[in-house]
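Down below is the structure, laid out as structure tokens.
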Amino acid sequence: MLVLGIVGSPRKEGRTNALVDAALQGAAARGAQVQRIHLIDYAIRPFASQGGAADGVRFVPAELYDLCEQADALVLGAPVYFGDINGLTKDFMDSVRIRNENGKPALGIAIAGGSGKGLFSGVQSIYHWFYHRQMRAIDPTPVTRFNMEAALSALPAGGACLVEMAQAPQPFPGAGREDRWAEVVAYYATIPLLDKDPVDEFLALAQQLVTISKGKPALAEAQAELARALTLAEQGDRAGAGRHAVRAYELLLI
Ligand SMILES: Cc1cc2nc3c(=O)[nH]c(=O)nc-3n(C[C@H](O)[C@H](O)[C@H](O)COP(=O)(O)O)c2cc1C
């Protein structure tokens with residue numbers, strides 16, 4: 001059993017690498033063979049064909065798609081750049097072709113390591129790919145520098161979960177790709193965070209900062225702003241919720 005960890009950041013010793021590694025450690029502890037690769041080590045080019053999607057194989061080295069095919073499960077980690085995954089990871093996703101992708105267990109991790117903005121939109125991009133490629137993704141791990149330690153502690157369980165799933169593979173039923181969408185869309189309807197927007201992001205960021213800001217003079221005020229934001233969100237006032245969530249975030253930002 002092979003679990004492949006794919007690091008999409010050009011920084012080989014950065015946060016993405018540490019997060020992917022944490023998931024792989026969990027997989028290894030469950031007896032899987034693990035392998036970590038860095039996309040920056042491969043000659044990946046932007047998809048630049050005038051032809052169709054099948055041309056993708058020209059832009060990713062065969063070695064890389066062979067590895068993805070050999071893997072029983074994938075961990076894909078990417079840094080967030082301006083609210084989305086970085087281009088290198090996207091280029092890989094655009095072009096890699098994995099013939100046995102149906103139902104392959106997969107975990108996506110995105111790290112918004114600066115302001116934290118994009119913590120959901122980044123990881124959503126990875127999950128859009130998992131969905132379109134009909135893999136069987138487990139719950140996403142959106143990470144910021146505020147919850148990095150918690151994410152590092154939680155990710156080994158994600159890696160272990162991939163191993164369990166890979167032991168009893170569950171391809172989506174259907175004779176061909178186009179016959180499987182009803183099951184695929186139903187499966188992805190249960191995955192959390194895929195419906196989140198920028199207001200949800202600020203609510204989550206404010207919550208993360210409140211959690212790590214014990215003893216800070218502005219904590220009580222920030223908590224009150226966050227409580228107001230959550231009430232407004234419940235009442236359906238998304239604009240008001242966003243304003244108060246940003247205020248809570250700004251009070252505690254370090
Ligand atoms: C071009 C660029 C854009 C970035 N945009 C964001 C952003 O929108 N939100 C955020 O929280 N961090 C942003 N960052 C910070 C990175 O997410 C952060 O440095 C992260 O740790 C990078 O992952 P790495 O450590 O694996 O390289 C940006 C960094 C770069 C280089």
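Labels used: A, B, ... for chains in the order of the structure tokens, numbers from 1 for residues in each chain, and numbers from 1 for ligands as shown.
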
Against ligand 1, which residues of chain A fall within 6 Å? For each one I want the closest pair of atoms and the distance in Å (one decimal), counting only C-alpha atoms and all ligand atoms, rows by chain and increasing residue number, as CSV.
residue,atom,partner,partner_atom_place_in_ligand_line,distance
A:Ser9,CA,ligand 1,26 (O),4.9
A:Arg11,CA,ligand 1,27 (O),4.7
A:Gly14,CA,ligand 1,25 (O),3.6
A:Arg15,CA,ligand 1,25 (O),3.8
A:Thr16,CA,ligand 1,26 (O),3.6
A:Asn17,CA,ligand 1,26 (O),5.9
A:Pro79,CA,ligand 1,23 (O),4.2
A:Val80,CA,ligand 1,17 (O),4.3
A:Tyr81,CA,ligand 1,5 (N),3.4
A:Phe82,CA,ligand 1,8 (O),3.2
A:Gly83,CA,ligand 1,8 (O),4.1
A:Ile111,CA,ligand 1,17 (O),5.6
A:Ala112,CA,ligand 1,11 (O),3.4
A:Gly113,CA,ligand 1,18 (C),3.7
A:Gly114,CA,ligand 1,12 (N),3.5
A:Ser115,CA,ligand 1,11 (O),4.0
A:Gly116,CA,ligand 1,11 (O),3.3
A:Lys117,CA,ligand 1,9 (N),4.5
A:Gly118,CA,ligand 1,9 (N),5.4

>> Please list as an MDAnalysis selection string every residue within 12 Å of Ser153 (chain A), counting only C-alpha atoms and excluding residues in the same chain fewer than 5 positions away.
In response: chainID A and resid 18:23 25:26 141 143 147:148 158:159

Residues from last step as file, N, CA and C atoms, as an mmCIF file, in the first residue's frame:
data_model
loop_
_atom_site.group_PDB
_atom_site.id
_atom_site.type_symbol
_atom_site.label_atom_id
_atom_site.label_comp_id
_atom_site.auth_asym_id
_atom_site.auth_seq_id
_atom_site.Cartn_x
_atom_site.Cartn_y
_atom_site.Cartn_z
ATOM 1 N N ALA A 18 5.627 20.532 5.826
ATOM 2 C CA ALA A 18 5.433 20.016 7.194
ATOM 3 C C ALA A 18 4.035 19.395 7.346
ATOM 4 N N LEU A 19 3.048 20.014 6.719
ATOM 5 C CA LEU A 19 1.669 19.530 6.849
ATOM 6 C C LEU A 19 1.482 18.204 6.104
ATOM 7 N N VAL A 20 2.010 18.138 4.882
ATOM 8 C CA VAL A 20 1.918 16.884 4.119
ATOM 9 C C VAL A 20 2.643 15.777 4.886
ATOM 10 N N ASP A 21 3.790 16.131 5.438
ATOM 11 C CA ASP A 21 4.576 15.153 6.196
ATOM 12 C C ASP A 21 3.782 14.610 7.388
ATOM 13 N N ALA A 22 3.055 15.492 8.069
ATOM 14 C CA ALA A 22 2.270 15.049 9.235
ATOM 15 C C ALA A 22 1.224 14.016 8.810
ATOM 16 N N ALA A 23 0.571 14.253 7.676
ATOM 17 C CA ALA A 23 -0.423 13.277 7.186
ATOM 18 C C ALA A 23 0.264 11.960 6.831
ATOM 19 N N GLN A 25 2.963 10.743 8.095
ATOM 20 C CA GLN A 25 3.367 10.032 9.323
ATOM 21 C C GLN A 25 2.212 9.186 9.860
ATOM 22 N N GLY A 26 1.005 9.727 9.780
ATOM 23 C CA GLY A 26 -0.165 8.972 10.223
ATOM 24 C C GLY A 26 -0.393 7.739 9.358
ATOM 25 N N THR A 141 -8.456 19.975 4.996
ATOM 26 C CA THR A 141 -7.745 20.604 6.110
ATOM 27 C C THR A 141 -7.317 22.004 5.688
ATOM 28 N N VAL A 143 -5.665 25.479 6.550
ATOM 29 C CA VAL A 143 -4.698 25.833 7.598
ATOM 30 C C VAL A 143 -4.284 27.297 7.464
ATOM 31 N N ASN A 147 -3.745 28.341 13.208
ATOM 32 C CA ASN A 147 -4.146 26.998 13.654
ATOM 33 C C ASN A 147 -3.160 25.922 13.183
ATOM 34 N N MET A 148 -1.965 26.353 12.823
ATOM 35 C CA MET A 148 -0.962 25.433 12.249
ATOM 36 C C MET A 148 -0.656 24.279 13.216
ATOM 37 N N GLY A 158 -5.825 11.983 9.603
ATOM 38 C CA GLY A 158 -6.252 12.009 8.203
ATOM 39 C C GLY A 158 -5.466 10.998 7.379
ATOM 40 N N GLY A 159 -4.174 10.943 7.614
ATOM 41 C CA GLY A 159 -3.332 9.970 6.899
ATOM 42 C C GLY A 159 -3.759 8.542 7.212
#

> Interatomic distance between CA of Val34 (chain A) and CA of Pro105 (chain A)?
Replying inline: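 Computed distance, CA of Val34 (chain A) to CA of Pro105 (chain A), equals 14.2 Å.
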
>> To test your reading of the structure, identify every residue in region 104-215 of chain A that backbone DSSP assigns to alpha helix (DSSP H), and report it as a PyMOL selection string.
In response: chain A and resi 119-132+148-167+181-188+198-211

I'd like the contact shell of Leu67 (chain A) - 12 Å cut-off, only C-alpha atoms, skipping same-chain residues fewer than 4 positions apart - returned as a PDB file with N, CA and C atoms, in the first residue's frame.
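around.pdb written:
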ATOM      1  N   LEU A   2       0.678   2.099  -0.975  1.00  0.00           N
ATOM      2  CA  LEU A   2       1.494   3.322  -1.082  1.00  0.00           C
ATOM      3  C   LEU A   2       0.616   4.559  -0.909  1.00  0.00           C
ATOM      4  N   VAL A   3       1.013   5.430   0.016  1.00  0.00           N
ATOM      5  CA  VAL A   3       0.362   6.743   0.132  1.00  0.00           C
ATOM      6  C   VAL A   3       1.372   7.782  -0.351  1.00  0.00           C
ATOM      7  N   LEU A   4       0.978   8.513  -1.368  1.00  0.00           N
ATOM      8  CA  LEU A   4       1.869   9.503  -1.987  1.00  0.00           C
ATOM      9  C   LEU A   4       1.519  10.899  -1.472  1.00  0.00           C
ATOM     10  N   GLY A   5       2.522  11.604  -0.954  1.00  0.00           N
ATOM     11  CA  GLY A   5       2.336  12.981  -0.491  1.00  0.00           C
ATOM     12  C   GLY A   5       2.936  13.935  -1.513  1.00  0.00           C
ATOM     13  N   ILE A   6       2.128  14.872  -1.989  1.00  0.00           N
ATOM     14  CA  ILE A   6       2.558  15.791  -3.048  1.00  0.00           C
ATOM     15  C   ILE A   6       2.619  17.195  -2.458  1.00  0.00           C
ATOM     16  N   VAL A  34       5.110   5.138   2.496  1.00  0.00           N
ATOM     17  CA  VAL A  34       4.792   6.518   2.123  1.00  0.00           C
ATOM     18  C   VAL A  34       5.918   7.103   1.277  1.00  0.00           C
ATOM     19  N   GLN A  35       5.559   8.008   0.412  1.00  0.00           N
ATOM     20  CA  GLN A  35       6.558   8.699  -0.410  1.00  0.00           C
ATOM     21  C   GLN A  35       6.127  10.146  -0.565  1.00  0.00           C
ATOM     22  N   ARG A  36       7.085  11.062  -0.357  1.00  0.00           N
ATOM     23  CA  ARG A  36       6.769  12.493  -0.480  1.00  0.00           C
ATOM     24  C   ARG A  36       7.528  13.050  -1.676  1.00  0.00           C
ATOM     25  N   ILE A  37       6.818  13.783  -2.516  1.00  0.00           N
ATOM     26  CA  ILE A  37       7.488  14.409  -3.656  1.00  0.00           C
ATOM     27  C   ILE A  37       7.187  15.913  -3.656  1.00  0.00           C
ATOM     28  N   VAL A  60       3.220  17.223 -18.039  1.00  0.00           N
ATOM     29  CA  VAL A  60       3.656  16.651 -16.750  1.00  0.00           C
ATOM     30  C   VAL A  60       4.500  15.419 -17.074  1.00  0.00           C
ATOM     31  N   PRO A  61       5.681  15.266 -16.466  1.00  0.00           N
ATOM     32  CA  PRO A  61       6.509  14.100 -16.787  1.00  0.00           C
ATOM     33  C   PRO A  61       5.773  12.790 -16.496  1.00  0.00           C
ATOM     34  N   ALA A  62       5.971  11.810 -17.368  1.00  0.00           N
ATOM     35  CA  ALA A  62       5.281  10.519 -17.228  1.00  0.00           C
ATOM     36  C   ALA A  62       5.542   9.901 -15.857  1.00  0.00           C
ATOM     37  N   GLU A  63       6.743  10.121 -15.352  1.00  0.00           N
ATOM     38  CA  GLU A  63       7.125   9.573 -14.047  1.00  0.00           C
ATOM     39  C   GLU A  63       6.124  10.001 -12.956  1.00  0.00           C
ATOM     40  N   ALA A  71       0.015   4.971  -6.576  1.00  0.00           N
ATOM     41  CA  ALA A  71      -0.392   5.289  -5.199  1.00  0.00           C
ATOM     42  C   ALA A  71      -1.812   4.785  -4.941  1.00  0.00           C
ATOM     43  N   ASP A  72      -2.001   4.223  -3.759  1.00  0.00           N
ATOM     44  CA  ASP A  72      -3.344   3.783  -3.351  1.00  0.00           C
ATOM     45  C   ASP A  72      -4.136   4.948  -2.780  1.00  0.00           C
ATOM     46  N   ALA A  73      -3.440   5.996  -2.359  1.00  0.00           N
ATOM     47  CA  ALA A  73      -4.107   7.186  -1.820  1.00  0.00           C
ATOM     48  C   ALA A  73      -3.166   8.375  -2.004  1.00  0.00           C
ATOM     49  N   LEU A  74      -3.771   9.557  -2.098  1.00  0.00           N
ATOM     50  CA  LEU A  74      -2.977  10.778  -2.324  1.00  0.00           C
ATOM     51  C   LEU A  74      -3.194  11.791  -1.199  1.00  0.00           C
ATOM     52  N   VAL A  96      -1.985  16.412 -15.058  1.00  0.00           N
ATOM     53  CA  VAL A  96      -1.716  15.019 -14.693  1.00  0.00           C
ATOM     54  C   VAL A  96      -2.935  14.160 -15.037  1.00  0.00           C
ATOM     55  N   ARG A  97      -2.699  12.975 -15.535  1.00  0.00           N
ATOM     56  CA  ARG A  97      -3.793  12.052 -15.853  1.00  0.00           C
ATOM     57  C   ARG A  97      -3.543  10.758 -15.086  1.00  0.00           C
ATOM     58  N   ILE A  98      -4.553  10.320 -14.329  1.00  0.00           N
ATOM     59  CA  ILE A  98      -4.398   9.145 -13.463  1.00  0.00           C
ATOM     60  C   ILE A  98      -5.482   8.157 -13.863  1.00  0.00           C
ATOM     61  N   ARG A  99      -5.083   7.108 -14.563  1.00  0.00           N
ATOM     62  CA  ARG A  99      -6.098   6.223 -15.163  1.00  0.00           C
ATOM     63  C   ARG A  99      -6.990   5.541 -14.119  1.00  0.00           C
ATOM     64  N   ASN A 100      -6.418   5.239 -12.923  1.00  0.00           N
ATOM     65  CA  ASN A 100      -7.217   4.528 -11.910  1.00  0.00           C
ATOM     66  C   ASN A 100      -7.697   5.479 -10.808  1.00  0.00           C
TER      67      ASN A 100
END

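Atom pair CA of Arg243 (chain A) / CA of Arg228 (chain A): separated by 9.9 Å.
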
> Can you list, as a PyMOL selection string, every protein, DNA or RNA residue that comes within 8 Å of Val184 (chain A) when you count only C-alpha atoms, leaving out same-chain residues fewer than 6 positions away?
Replying inline: chain A and resi 131+134+172

Atoms to include: N, CA and C atoms. Write the selected residues as a PDB file, in the first residue's frame.
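Below you can see again16.pdb, which holds the result:
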ATOM      1  N   TYR A 131     -13.098  16.263  -6.969  1.00  0.00           N
ATOM      2  CA  TYR A 131     -14.476  16.005  -7.414  1.00  0.00           C
ATOM      3  C   TYR A 131     -14.505  15.723  -8.923  1.00  0.00           C
ATOM      4  N   GLN A 134     -13.196  12.488  -9.779  1.00  0.00           N
ATOM      5  CA  GLN A 134     -13.970  11.387  -9.171  1.00  0.00           C
ATOM      6  C   GLN A 134     -13.160  10.585  -8.165  1.00  0.00           C
ATOM      7  N   PHE A 172     -16.516   4.700  -7.473  1.00  0.00           N
ATOM      8  CA  PHE A 172     -17.920   5.068  -7.687  1.00  0.00           C
ATOM      9  C   PHE A 172     -18.498   4.143  -8.754  1.00  0.00           C
TER      10      PHE A 172
END

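The space between CA of Leu107 (chain A) and CA of Ala32 (chain A) spans 15.2 Å.
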
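Of the residues under consideration (A:Val57, A:Val7, A:Ala110, A:Ile40), A:Ala110 shows the shortest atom-to-atom contact distance to Arg145 (chain A) when counting only C-alpha atoms.
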